file work_28.tsv (TSV, C-alpha atoms)
chain	number	residue	atom	x	y	z
A	223	MET	CA	0.00	0.00	0.00
A	224	THR	CA	1.22	3.47	-0.90
A	225	ALA	CA	-0.25	6.66	0.53
A	226	PHE	CA	-2.17	8.86	-1.91
A	227	THR	CA	-0.55	12.32	-2.10
A	228	SER	CA	-1.54	15.61	-3.74
A	229	ALA	CA	0.80	14.82	-6.65
A	230	ASP	CA	-1.38	11.81	-7.46
A	231	TRP	CA	-4.57	13.68	-8.43
A	232	GLY	CA	-3.40	14.21	-12.01
A	233	PRO	CA	-2.48	10.56	-12.64
A	234	LEU	CA	-5.73	9.41	-10.99
A	235	PHE	CA	-7.86	11.65	-13.22
A	236	LEU	CA	-5.89	10.69	-16.34
A	237	HIS	CA	-6.31	7.00	-15.54
A	238	PHE	CA	-10.11	7.28	-15.50
A	239	LEU	CA	-10.14	9.48	-18.63
A	240	ALA	CA	-8.25	6.68	-20.40
A	241	MET	CA	-10.52	3.97	-18.96
A	242	SER	CA	-13.53	5.88	-20.29
A	243	MET	CA	-12.22	5.67	-23.85
A	244	LEU	CA	-11.31	1.98	-23.46
A	245	ALA	CA	-14.65	0.95	-21.93
A	246	ILE	CA	-15.97	-0.54	-25.14
A	247	GLY	CA	-18.82	-2.85	-24.20
A	248	GLY	CA	-19.26	-1.53	-20.67
A	249	ALA	CA	-17.44	-0.24	-17.62
A	250	LEU	CA	-16.81	-3.68	-16.09
A	251	ALA	CA	-14.58	-4.60	-19.04
A	252	THR	CA	-12.06	-2.08	-17.67
A	253	ALA	CA	-12.09	-3.53	-14.12
A	254	PRO	CA	-9.02	-5.75	-14.75
A	255	GLU	CA	-7.03	-2.72	-15.95
A	256	MET	CA	-8.18	-0.63	-12.96
A	257	HIS	CA	-7.00	-3.46	-10.69
A	258	ARG	CA	-3.64	-3.64	-12.50
A	259	TYR	CA	-3.05	0.11	-12.21
A	260	LEU	CA	-4.66	1.06	-8.86
A	261	VAL	CA	-3.72	-2.07	-6.86
A	262	GLU	CA	-0.65	-3.62	-8.50
A	263	GLN	CA	1.16	-0.65	-10.01
A	264	ARG	CA	0.26	2.27	-7.71
A	265	GLY	CA	-0.67	0.43	-4.52
A	266	TRP	CA	-3.38	3.00	-3.68
A	267	LEU	CA	-5.79	0.16	-2.85
A	268	ASP	CA	-5.39	-3.42	-1.66
A	269	ASP	CA	-7.26	-6.45	-3.02
A	270	THR	CA	-9.82	-6.28	-0.24
A	271	GLN	CA	-10.72	-2.65	-0.92
A	272	PHE	CA	-10.93	-3.31	-4.66
A	273	THR	CA	-13.24	-6.31	-4.18
A	274	ALA	CA	-15.31	-4.43	-1.59
A	275	SER	CA	-15.85	-1.54	-4.03
A	276	ILE	CA	-17.18	-3.84	-6.74
A	277	ALA	CA	-19.29	-5.85	-4.30
A	278	LEU	CA	-20.86	-2.70	-2.77
A	279	ALA	CA	-21.68	-1.34	-6.24
A	280	GLN	CA	-23.31	-4.65	-7.21
A	281	ALA	CA	-25.36	-4.56	-4.01
A	282	ALA	CA	-26.78	-1.12	-4.94
A	283	PRO	CA	-29.29	-0.40	-7.72
A	284	GLY	CA	-28.17	1.45	-10.84
A	285	PRO	CA	-25.73	1.09	-13.72
A	286	ASN	CA	-22.59	-1.06	-13.26
A	287	LEU	CA	-20.50	2.07	-13.72
A	288	ILE	CA	-21.13	3.13	-10.12
A	289	PHE	CA	-18.26	0.90	-8.93
A	290	VAL	CA	-15.99	3.62	-10.36
A	291	PRO	CA	-16.85	6.41	-7.86
A	292	VAL	CA	-16.69	3.81	-5.06
A	293	LEU	CA	-13.12	2.97	-6.09
A	294	GLY	CA	-12.35	6.72	-6.14
A	295	HIS	CA	-13.91	7.07	-2.69
A	296	ALA	CA	-11.77	4.25	-1.29
A	297	ILE	CA	-8.64	5.94	-2.67
A	298	ALA	CA	-9.26	9.58	-1.72
A	299	GLY	CA	-12.68	10.15	-0.14
A	300	PHE	CA	-15.44	12.20	-1.78
A	301	PRO	CA	-13.05	14.28	-3.96
A	302	GLY	CA	-11.66	10.96	-5.18
A	303	ALA	CA	-15.16	9.71	-5.99
A	304	ALA	CA	-15.92	12.87	-7.98
A	305	THR	CA	-12.57	12.72	-9.81
A	306	ALA	CA	-13.10	9.09	-10.81
A	307	LEU	CA	-16.72	9.56	-11.92
A	308	VAL	CA	-16.11	12.77	-13.90
A	309	GLY	CA	-13.02	11.26	-15.53
A	310	MET	CA	-14.96	8.14	-16.45
A	311	LEU	CA	-17.85	10.16	-17.95
A	312	ILE	CA	-16.35	13.10	-19.85
A	313	PRO	CA	-14.60	11.42	-22.81
A	314	SER	CA	-17.23	8.77	-23.47
A	315	SER	CA	-20.17	11.19	-23.07
A	316	THR	CA	-18.65	13.75	-25.42
A	317	PHE	CA	-17.93	11.00	-27.89
A	318	ALA	CA	-21.43	9.52	-27.58
A	319	LEU	CA	-23.13	12.85	-28.28
A	320	ALA	CA	-20.83	13.70	-31.17
A	321	ALA	CA	-21.00	10.28	-32.77
A	322	SER	CA	-24.60	9.17	-32.22
A	323	ARG	CA	-26.00	10.77	-35.36
A	324	TRP	CA	-22.92	9.91	-37.36
A	325	ALA	CA	-22.88	6.22	-36.39
A	326	GLY	CA	-26.68	5.96	-36.58
A	327	ARG	CA	-26.68	6.82	-40.26
A	328	ARG	CA	-23.67	4.58	-40.98
A	329	ARG	CA	-24.67	1.62	-38.83
A	330	GLN	CA	-24.66	-0.71	-41.82
A	331	THR	CA	-21.37	0.45	-43.28
A	332	LEU	CA	-18.43	-1.92	-43.44
A	333	GLY	CA	-16.30	0.03	-40.98
A	334	VAL	CA	-18.90	0.07	-38.21
A	335	ARG	CA	-19.82	-3.61	-38.74
A	336	ALA	CA	-16.14	-4.61	-38.73
A	337	PHE	CA	-15.63	-2.70	-35.47
A	338	VAL	CA	-18.57	-4.42	-33.76
A	339	ALA	CA	-17.59	-7.87	-35.06
A	340	GLY	CA	-13.93	-7.52	-34.11
A	341	MET	CA	-14.43	-6.01	-30.65
A	342	ALA	CA	-17.22	-8.36	-29.46
A	343	PRO	CA	-15.01	-11.38	-28.57
A	344	VAL	CA	-12.45	-9.10	-26.89
A	345	THR	CA	-15.14	-7.48	-24.74
A	346	ILE	CA	-16.51	-10.85	-23.59
A	347	GLY	CA	-12.97	-12.08	-22.85
A	348	LEU	CA	-12.46	-8.96	-20.71
A	349	LEU	CA	-15.57	-9.77	-18.66
A	350	PHE	CA	-14.12	-13.23	-17.93
A	351	ALA	CA	-10.87	-11.48	-16.96
A	352	ALA	CA	-12.79	-9.14	-14.61
A	353	GLY	CA	-14.37	-12.15	-12.86
A	354	THR	CA	-10.95	-13.79	-12.58
A	355	VAL	CA	-9.24	-10.73	-11.14
A	356	ILE	CA	-11.86	-10.49	-8.38
A	357	ALA	CA	-12.18	-14.22	-7.65
A	358	LEU	CA	-8.47	-15.18	-7.57
A	359	PRO	CA	-7.33	-13.24	-4.45
A	360	LEU	CA	-10.40	-14.52	-2.56
A	361	ALA	CA	-9.84	-18.11	-3.63
A	362	GLN	CA	-6.13	-17.98	-2.82
A	363	SER	CA	-6.86	-17.16	0.81
A	364	VAL	CA	-10.03	-19.30	1.13
A	365	PRO	CA	-10.33	-22.03	-1.56
A	366	GLN	CA	-14.02	-22.74	-0.91
A	367	SER	CA	-14.79	-19.23	-2.25
A	368	TRP	CA	-14.89	-20.96	-5.65
A	369	LEU	CA	-18.11	-22.67	-4.53
A	370	LEU	CA	-19.76	-19.25	-4.10
A	371	VAL	CA	-18.36	-17.97	-7.41
A	372	VAL	CA	-19.52	-21.01	-9.38
A	373	GLY	CA	-22.85	-21.22	-7.53
A	374	ALA	CA	-23.66	-17.54	-8.19
A	375	ALA	CA	-22.68	-17.86	-11.85
A	376	ALA	CA	-24.79	-21.01	-12.32
A	377	LEU	CA	-27.87	-19.56	-10.57
A	378	SER	CA	-27.61	-16.31	-12.49
A	379	VAL	CA	-27.34	-18.11	-15.85
A	380	LYS	CA	-30.04	-20.72	-15.16
A	381	THR	CA	-32.65	-18.70	-13.23
A	382	LYS	CA	-34.10	-15.18	-13.26
A	383	ILE	CA	-33.21	-14.60	-9.60
A	384	ALA	CA	-32.38	-10.93	-8.92
A	385	PRO	CA	-28.65	-10.36	-8.28
A	386	VAL	CA	-29.37	-8.48	-5.05
A	387	TRP	CA	-30.63	-11.70	-3.39
A	388	LEU	CA	-27.48	-13.58	-4.38
A	389	ILE	CA	-25.33	-10.73	-3.00
A	390	ALA	CA	-27.34	-10.82	0.25
A	391	ALA	CA	-26.86	-14.59	0.50
A	392	GLY	CA	-23.11	-14.11	-0.09
A	393	ALA	CA	-22.99	-11.55	2.72
A	394	VAL	CA	-24.68	-13.98	5.13
A	395	VAL	CA	-22.43	-16.91	4.16
A	396	GLY	CA	-19.37	-14.67	4.58
A	397	ALA	CA	-20.53	-13.15	7.87
A	398	LEU	CA	-20.95	-16.66	9.28
A	399	GLY	CA	-17.26	-17.18	8.55
A	400	TRP	CA	-17.58	-19.86	5.87
A	401	VAL	CA	-15.40	-18.08	3.28
B	251	MET	CA	-45.39	7.95	-30.03
B	252	ASN	CA	-45.21	9.99	-26.84
B	253	GLN	CA	-42.64	12.57	-25.80
B	254	PRO	CA	-41.33	13.70	-22.42
B	255	ALA	CA	-42.75	17.13	-21.54
B	256	SER	CA	-39.55	18.57	-20.08
B	257	PRO	CA	-35.95	17.74	-19.15
B	258	ARG	CA	-37.29	17.40	-15.61
B	259	GLU	CA	-39.58	14.56	-16.69
B	260	LEU	CA	-36.57	12.88	-18.35
B	261	PHE	CA	-34.59	13.21	-15.11
B	262	LEU	CA	-37.41	11.70	-13.04
B	263	ALA	CA	-38.02	8.87	-15.51
B	264	PHE	CA	-34.37	7.84	-15.57
B	265	ASN	CA	-34.18	8.21	-11.81
B	266	ALA	CA	-37.09	5.78	-11.39
B	267	LEU	CA	-35.61	3.29	-13.82
B	268	ALA	CA	-32.14	3.37	-12.25
B	269	LEU	CA	-33.62	2.55	-8.83
B	270	GLN	CA	-35.36	-0.56	-10.20
B	271	GLY	CA	-32.22	-1.89	-11.85
B	272	PHE	CA	-30.29	-4.18	-9.55
B	273	GLY	CA	-27.34	-5.62	-11.48
B	274	GLY	CA	-28.07	-3.86	-14.76
B	275	VAL	CA	-30.50	-1.22	-15.90
B	276	LEU	CA	-30.95	-2.19	-19.55
B	277	PRO	CA	-33.89	-4.63	-19.22
B	278	VAL	CA	-35.74	-2.09	-17.05
B	279	ALA	CA	-34.92	0.67	-19.56
B	280	GLN	CA	-36.45	-1.32	-22.41
B	281	ARG	CA	-39.69	-1.95	-20.46
B	282	GLU	CA	-39.99	1.59	-19.14
B	283	LEU	CA	-39.00	3.62	-22.24
B	284	VAL	CA	-40.56	1.45	-24.93
B	285	GLU	CA	-43.53	-0.34	-23.37
B	286	GLU	CA	-44.62	1.94	-20.50
B	287	ARG	CA	-43.88	5.45	-21.74
B	288	GLY	CA	-43.71	4.93	-25.50
B	289	TRP	CA	-40.88	7.42	-25.99
B	290	LEU	CA	-39.11	5.02	-28.35
B	291	THR	CA	-40.22	2.20	-30.63
B	292	ARG	CA	-38.64	-1.21	-30.13
B	293	GLU	CA	-36.55	-0.66	-33.29
B	294	GLU	CA	-35.35	2.79	-32.14
B	295	PHE	CA	-34.37	1.31	-28.77
B	296	ALA	CA	-32.38	-1.48	-30.45
B	297	GLU	CA	-30.72	1.05	-32.73
B	298	LEU	CA	-29.69	3.41	-29.91
B	299	LEU	CA	-28.44	0.41	-27.94
B	300	SER	CA	-26.32	-0.90	-30.81
B	301	ILE	CA	-24.75	2.55	-31.25
B	302	GLY	CA	-24.19	2.71	-27.49
B	303	GLN	CA	-22.35	-0.59	-27.64
B	304	VAL	CA	-20.03	0.50	-30.44
B	305	LEU	CA	-19.05	3.62	-28.52
B	306	PRO	CA	-16.77	3.58	-25.52
B	307	GLY	CA	-18.44	4.21	-22.18
B	308	PRO	CA	-21.14	2.48	-20.17
B	309	ASN	CA	-23.95	1.34	-22.50
B	310	VAL	CA	-26.87	2.53	-20.49
B	311	CYS	CA	-25.32	5.96	-19.84
B	312	ASN	CA	-24.71	6.36	-23.57
B	313	LEU	CA	-28.33	5.37	-24.18
B	314	ALA	CA	-29.57	7.98	-21.67
B	315	LEU	CA	-27.37	10.67	-23.23
B	316	MET	CA	-28.52	9.97	-26.77
B	317	LEU	CA	-32.21	9.76	-25.84
B	318	GLY	CA	-32.06	13.00	-23.83
B	319	ASP	CA	-30.20	14.72	-26.67
B	320	ARG	CA	-32.86	13.64	-29.16
B	321	PHE	CA	-35.66	15.38	-27.19
B	322	PHE	CA	-34.02	18.44	-25.60
B	323	GLY	CA	-30.46	18.75	-26.91
B	324	TRP	CA	-27.63	18.93	-24.39
B	325	ARG	CA	-29.99	19.94	-21.55
B	326	GLY	CA	-31.93	16.74	-22.12
B	327	ALA	CA	-28.74	14.69	-22.37
B	328	PHE	CA	-27.50	16.09	-19.06
B	329	SER	CA	-30.88	15.58	-17.34
B	330	ALA	CA	-31.13	11.95	-18.44
B	331	LEU	CA	-27.54	11.14	-17.43
B	332	ALA	CA	-27.93	12.89	-14.07
B	333	GLY	CA	-31.21	11.03	-13.57
B	334	ILE	CA	-29.65	7.63	-14.09
B	335	LEU	CA	-26.66	8.36	-11.80
B	336	ALA	CA	-27.92	10.56	-8.95
B	337	ALA	CA	-29.87	8.15	-6.74
B	338	PRO	CA	-27.58	5.11	-7.23
B	339	LEU	CA	-24.60	7.32	-6.42
B	340	VAL	CA	-26.09	8.47	-3.12
B	341	ILE	CA	-27.02	4.90	-2.18
B	342	VAL	CA	-23.68	3.35	-3.08
B	343	LEU	CA	-21.61	6.03	-1.33
B	344	ALA	CA	-23.80	5.64	1.76
B	345	LEU	CA	-23.06	1.89	1.63
B	346	ALA	CA	-19.34	2.64	1.24
B	347	LEU	CA	-19.38	4.95	4.29
B	348	LEU	CA	-21.26	2.36	6.30
B	349	TYR	CA	-18.78	-0.33	5.27
B	350	ALA	CA	-15.82	1.93	6.19
B	351	GLN	CA	-17.22	2.17	9.75
B	352	VAL	CA	-17.12	-1.60	10.21
B	353	ALA	CA	-14.36	-2.61	7.75
B	354	THR	CA	-12.02	-3.87	10.47
B	355	HIS	CA	-14.64	-6.08	12.11
B	356	PRO	CA	-14.19	-9.80	11.25
B	357	ILE	CA	-17.91	-10.27	10.51
B	358	ALA	CA	-17.91	-7.34	8.05
B	359	GLN	CA	-14.73	-8.65	6.44
B	360	GLY	CA	-16.33	-12.06	6.02
B	361	ALA	CA	-19.51	-10.55	4.59
B	362	ILE	CA	-17.60	-8.48	2.04
B	363	ARG	CA	-15.55	-11.55	0.99
B	364	GLY	CA	-18.80	-13.46	0.45
B	365	MET	CA	-20.29	-10.55	-1.53
B	366	GLY	CA	-17.09	-10.28	-3.56
B	367	ALA	CA	-17.20	-13.97	-4.51
B	368	ILE	CA	-20.85	-13.56	-5.58
B	369	SER	CA	-19.93	-10.43	-7.58
B	370	ALA	CA	-17.25	-12.39	-9.43
B	371	GLY	CA	-19.83	-15.12	-10.13
B	372	LEU	CA	-22.33	-12.53	-11.46
B	373	ILE	CA	-19.69	-11.11	-13.79
B	374	PHE	CA	-18.83	-14.62	-15.05
B	375	ALA	CA	-22.56	-15.18	-15.61
B	376	MET	CA	-22.81	-11.98	-17.66
B	377	ALA	CA	-19.89	-13.19	-19.80
B	378	LEU	CA	-21.43	-16.69	-20.14
B	379	LYS	CA	-24.75	-15.21	-21.28
B	380	LEU	CA	-23.02	-13.01	-23.87
B	381	ALA	CA	-20.69	-15.70	-25.23
B	382	PRO	CA	-23.39	-17.51	-27.31
B	383	THR	CA	-24.03	-14.24	-29.23
B	384	LEU	CA	-20.67	-14.88	-30.91
B	385	LYS	CA	-22.45	-17.53	-33.02
B	386	ASN	CA	-24.09	-14.63	-34.89
B	387	ASN	CA	-20.77	-12.84	-35.31
B	388	PRO	CA	-19.78	-12.58	-39.00
B	389	LEU	CA	-16.27	-13.79	-38.09
B	390	PRO	CA	-15.61	-17.58	-37.94
B	391	LEU	CA	-16.53	-19.02	-34.54
B	392	PRO	CA	-13.09	-20.62	-33.83
B	393	LEU	CA	-11.45	-17.21	-34.38
B	394	CYS	CA	-13.93	-15.54	-32.00
B	395	ALA	CA	-13.28	-18.24	-29.38
B	396	ALA	CA	-9.51	-17.85	-29.75
B	397	ALA	CA	-9.78	-14.06	-29.44
B	398	LEU	CA	-11.97	-14.38	-26.34
B	399	LEU	CA	-9.49	-16.77	-24.68
B	400	ALA	CA	-6.56	-14.56	-25.68
B	401	ALA	CA	-8.17	-11.43	-24.17
B	402	TRP	CA	-9.08	-13.37	-21.00
B	403	THR	CA	-5.57	-14.81	-20.53
B	404	LEU	CA	-3.59	-11.73	-21.53
B	405	VAL	CA	-5.52	-9.36	-19.24
B	406	GLY	CA	-6.77	-11.72	-16.51
B	407	ALA	CA	-3.60	-13.76	-15.95
B	408	LEU	CA	-0.64	-12.05	-17.65
B	409	ARG	CA	-1.85	-8.54	-16.72
B	410	VAL	CA	-1.15	-6.96	-20.10
B	411	PRO	CA	-2.25	-3.28	-20.03
B	412	LEU	CA	-5.72	-2.84	-21.56
B	413	GLY	CA	-4.60	-0.15	-24.02
B	414	TRP	CA	-2.15	-2.56	-25.67
B	415	LEU	CA	-4.77	-5.29	-25.81
B	416	VAL	CA	-7.46	-3.08	-27.38
B	417	LEU	CA	-5.05	-1.52	-29.88
B	418	GLY	CA	-3.20	-4.77	-30.64
B	419	LEU	CA	-5.64	-7.67	-30.49
B	420	GLY	CA	-8.76	-5.50	-30.95
B	421	GLY	CA	-7.22	-3.51	-33.80
B	422	ALA	CA	-6.01	-6.64	-35.60
B	423	LEU	CA	-9.46	-8.27	-35.30
B	424	VAL	CA	-11.26	-5.16	-36.58
B	425	LEU	CA	-8.91	-4.96	-39.59
B	426	PHE	CA	-9.35	-8.68	-40.24
B	427	ALA	CA	-13.15	-8.30	-39.93
B	428	ALA	CA	-13.12	-5.46	-42.48
B	429	TRP	CA	-11.18	-7.64	-44.93
B	430	TRP	CA	-13.37	-10.68	-44.20
B	431	LEU	CA	-16.68	-8.81	-44.62
B	432	ARG	CA	-15.50	-7.28	-47.89
B	433	ARG	CA	-14.38	-10.68	-49.17
B	434	LYS	CA	-17.71	-12.31	-48.21
B	435	ARG	CA	-19.66	-9.57	-49.93
B	436	GLY	CA	-17.56	-10.10	-53.05
B	437	PRO	CA	-15.56	-7.43	-54.91
B	438	SER	CA	-17.67	-4.34	-55.46
call {"tool": "encode", "arguments": {"input": "work_28.tsv", "output": "C-alpha cells"}}
result
Amino acid sequence: MTAFTSADWGPLFLHFLAMSMLAIGGALATAPEMHRYLVEQRGWLDDTQFTASIALAQAAPGPNLIFVPVLGHAIAGFPGAATALVGMLIPSSTFALAASRWAGRRRQTLGVRAFVAGMAPVTIGLLFAAGTVIALPLAQSVPQSWLLVVGAAALSVKTKIAPVWLIAAGAVVGALGWV
Amino acid sequence: MNQPASPRELFLAFNALALQGFGGVLPVAQRELVEERGWLTREEFAELLSIGQVLPGPNVCNLALMLGDRFFGWRGAFSALAGILAAPLVIVLALALLYAQVATHPIAQGAIRGMGAISAGLIFAMALKLAPTLKNNPLPLPLCAAALLAAWTLVGALRVPLGWLVLGLGGALVLFAAWWLRRKRGPS
C-alpha cells in the first residue's frame, strides 16, 4: 500500500479518462485494468478494498459504472469519488453525443460492422478477466470461495433470480465465517 | 409515439428506472422507455443500444445521453444522465461509508468476501450469457473463441495493459473483420 498524495490527483484523473475511452462494451470490461493500475502498479488500494468496491456497487441499484466512484472514494474520499466519476464520464459522453447521429446513419457500413464484429469477442474475454481478477485473491486465501463464485454464476445463468438476493446470500455466508 | 414534456420529466423517468435496476438497468430501460412510456419504438431502442455498444463508455449511460439529446439537446442529455446516476450514487456512497465504519470487524470482512465472490460469479454469468451471441458474429466461430481466450488470458492472468490489448488484439481483429466482410460480400 502506498499513501495517496496531492501529486497523485493528475495521474488518478488521467487514468479514469483513459478507462472511459477503453470501456468498449461496458465499464466492467475495464475492471481488470483498474485493478492492474490502482492495486498492483500504484498500490493505492489493496485487493480487499478493490473487491469491496465492486461488491458494494453490485449490491446497490443502478448502472454497473457506479463501482468507479466507489473505487475513487476508497482511494481519496469524496473528492476521489468525484474525480473518478467525472473522468470516467467526460470522454465517453462527449464521444457519444458527437457520434450518435454519425454512427446511426452509418450503422450498416463496413467500418462500423467490422468494429462491432472484431471487438465483441475481446469485450466478452475482458468480462471473464474481470471475474478472474476479483475471484483469484479470494480463492487464494479461502479455496471454498470458488463454490460461491460457481454457484452464483450457475444460478444467475439458469434462473431469473435478482442479483441483489445472491449478494445478500453471499454476505450472510461470509458473515458466518464460511469463506 | 409519446414525448417527455420537459428535461425534468426525463430526469425523473431515468431516476425511477435506475432505482429498479439491480445488477443492470438495460432490461428495465427497455420496459420503461418502450412499453410503459412509449418514448421510443422497439426498433429505435435497439438502434440506440447498438450505437451505445459500439461507442466507448457504459452502454446505459450512452443510451440515456442519446435519448435526452434527441428530445431536448444537451440539456436533455444532461438531465437523463444525471437522472440515471444521482440516486444510485447516493445509495452506493452511503453503503461505502457504512462499510468503512465496520471494515475492520471480522464479521464485516467475512460478509464483504462473500459478496465479492458472488460479484465475481455474477460477472462470469454476464460473460457466459453473452458468449453464445458470438455464433451470430460474422467472423468464424473458432477465431472468436480464440480471441476471447486470448483477451481473458492476456488481461486476466498475464496482466497486459488494456490499451495494448485493445489496440493490438482489438485492432487486428477489426482490420481482419473489415477484410473478411468485404471478401464475403464479393468485390464491389
call {"tool": "closest_residue", "arguments": {"input": "work_28.tsv", "among": "A:Ala339, A:Ile288, A:Ala306, A:Leu332", "to": "B:Leu393", "atoms": "all atoms listed in the file"}}
result
A:Ala339
call {"tool": "residues_near_point", "arguments": {"input": "work_28.tsv", "point": "(-18.1, -12.5, 3.2)", "cutoff": "8 Å", "atoms": "only C-alpha atoms", "output": "MDAnalysis selection string"}}
result
(chainID A and resid 392:401) or (chainID B and resid 357:367)
call {"tool": "closest_atom_pairs", "arguments": {"input": "work_28.tsv", "of": "chain B", "to": "chain A", "cutoff": "6 Å", "atoms": "all atoms listed in the file", "output": "CSV"}}
result
residue,atom,partner,partner_atom,distance
B:Ala268,CA,A:Gly284,CA,4.6
B:Leu269,CA,A:Pro283,CA,5.4
B:Gly271,CA,A:Pro283,CA,5.3
B:Phe272,CA,A:Pro283,CA,4.3
B:Gly273,CA,A:Pro385,CA,5.9
B:Gly274,CA,A:Pro285,CA,5.6
B:Val275,CA,A:Pro285,CA,5.7
B:Gln303,CA,A:Gly247,CA,5.4
B:Pro306,CA,A:Ile246,CA,4.2
B:Gly307,CA,A:Ser314,CA,4.9
B:Pro308,CA,A:Gly248,CA,4.5
B:Asn309,CA,A:Gly248,CA,5.8
B:Pro338,CA,A:Gly284,CA,5.2
B:Val342,CA,A:Ala282,CA,5.7
B:Ile357,CA,A:Ala397,CA,4.7
B:Gly360,CA,A:Gly396,CA,4.3
B:Ala361,CA,A:Ala393,CA,4.1
B:Ile362,CA,A:Ala274,CA,5.9
B:Gly364,CA,A:Gly396,CA,4.3
B:Met365,CA,A:Gly392,CA,4.8
B:Gly366,CA,A:Ala277,CA,5.0
B:Ala367,CA,A:Val371,CA,5.1
B:Ile368,CA,A:Val371,CA,5.4
B:Ser369,CA,A:Ala277,CA,5.7
B:Ala370,CA,A:Gly353,CA,4.5
B:Gly371,CA,A:Val371,CA,4.2
B:Leu372,CA,A:Ala375,CA,5.4
B:Ile373,CA,A:Gly353,CA,5.5
B:Phe374,CA,A:Gly353,CA,5.5
B:Ala375,CA,A:Ala375,CA,4.6
B:Ala377,CA,A:Ile346,CA,5.6
B:Asn387,CA,A:Ala339,CA,5.9
B:Cys394,CA,A:Pro343,CA,5.5
B:Ala397,CA,A:Pro343,CA,5.9
B:Leu398,CA,A:Gly347,CA,4.3
B:Ala401,CA,A:Gly347,CA,5.0
B:Trp402,CA,A:Gly347,CA,4.5
B:Gly406,CA,A:Ala351,CA,4.1
B:Leu412,CA,A:Glu255,CA,5.8
B:Gly420,CA,A:Met341,CA,5.7
B:Leu423,CA,A:Gly340,CA,4.7
B:Val424,CA,A:Gly340,CA,4.3
B:Ala427,CA,A:Ala336,CA,4.9
B:Ala428,CA,A:Ala336,CA,4.9
call {"tool": "atom_distance", "arguments": {"input": "work_28.tsv", "atom1": "atom CA of B:Trp324", "atom2": "atom CA of B:Phe264"}}
result
15.7 Å
call {"tool": "closest_residue", "arguments": {"input": "work_28.tsv", "among": "B:Glu297, B:Glu282, B:Phe426, B:Ala395", "to": "B:Leu267", "atoms": "only C-alpha atoms"}}
result
B:Glu282
call {"tool": "atom_distance", "arguments": {"input": "work_28.tsv", "atom1": "atom CA of B:Ala396", "atom2": "atom CA of B:Gly413"}}
result
19.2 Å
call {"tool": "axis_aligned_box", "arguments": {"input": "work_28.tsv", "around": "stretch 229-248 of chain A", "padding_each_side": "4 Å", "output": "AutoDock Vina command-line options"}}
result
--center_x -9.2 --center_y 6.0 --center_z -15.9 --size_x 28.1 --size_y 25.7 --size_z 26.5
call {"tool": "atom_distance", "arguments": {"input": "work_28.tsv", "atom1": "atom CA of B:Arg433", "atom2": "atom CA of B:Pro388"}}
result
11.7 Å
call {"tool": "residues_around", "arguments": {"input": "work_28.tsv", "residues": "stretch 224-233 of chain A", "least_positions_apart": "5", "cutoff": "9 Å", "atoms": "only C-alpha atoms", "output": "ChimeraX atom specification"}}
result
/A:238,264-267,297-298,302,305
call {"tool": "residues_around", "arguments": {"input": "work_28.tsv", "residues": "B:Leu283", "least_positions_apart": "6", "cutoff": "9 Å", "atoms": "all atoms listed in the file", "output": "PyMOL selection string"}}
result
chain B and resi 263+289-291+295
call {"tool": "closest_residue", "arguments": {"input": "work_28.tsv", "among": "B:Ile334, B:Ser256, B:Leu391, B:Thr403", "to": "B:Phe322", "atoms": "all atoms listed in the file"}}
result
B:Ser256
call {"tool": "closest_residue", "arguments": {"input": "work_28.tsv", "among": "B:Ala332, B:Leu276, B:Leu315, B:Arg292", "to": "B:Leu262", "atoms": "only C-alpha atoms"}}
result
B:Ala332
call {"tool": "build_atoms", "arguments": {"input": "work_28.tsv", "residues": "stretch 335-346 of chain B", "atoms": "N, CA and C atoms", "output": "compact mmCIF listing (two decimals), in the coordinates of the input"}}
result
# COMPACT_ATOMS: atom_id res chain seq x y z
N LEU B 335 -27.78 8.51 -12.73
CA LEU B 335 -26.66 8.36 -11.80
C LEU B 335 -26.95 8.85 -10.38
N ALA B 336 -27.82 9.86 -10.23
CA ALA B 336 -27.92 10.56 -8.95
C ALA B 336 -28.27 9.63 -7.78
N ALA B 337 -29.42 8.97 -7.88
CA ALA B 337 -29.87 8.15 -6.74
C ALA B 337 -28.94 6.96 -6.46
N PRO B 338 -28.52 6.21 -7.51
CA PRO B 338 -27.58 5.11 -7.23
C PRO B 338 -26.29 5.58 -6.58
N LEU B 339 -25.84 6.77 -6.98
CA LEU B 339 -24.60 7.32 -6.42
C LEU B 339 -24.74 7.57 -4.92
N VAL B 340 -25.85 8.19 -4.54
CA VAL B 340 -26.09 8.47 -3.12
C VAL B 340 -26.14 7.16 -2.34
N ILE B 341 -26.87 6.18 -2.88
CA ILE B 341 -27.02 4.90 -2.18
C ILE B 341 -25.68 4.19 -2.03
N VAL B 342 -24.90 4.14 -3.13
CA VAL B 342 -23.68 3.35 -3.08
C VAL B 342 -22.63 4.02 -2.20
N LEU B 343 -22.59 5.36 -2.19
CA LEU B 343 -21.61 6.03 -1.33
C LEU B 343 -22.03 5.91 0.14
N ALA B 344 -23.35 5.89 0.39
CA ALA B 344 -23.80 5.64 1.76
C ALA B 344 -23.37 4.24 2.21
N LEU B 345 -23.52 3.25 1.31
CA LEU B 345 -23.06 1.89 1.63
C LEU B 345 -21.56 1.86 1.90
N ALA B 346 -20.80 2.62 1.08
CA ALA B 346 -19.34 2.64 1.24
C ALA B 346 -18.96 3.25 2.59
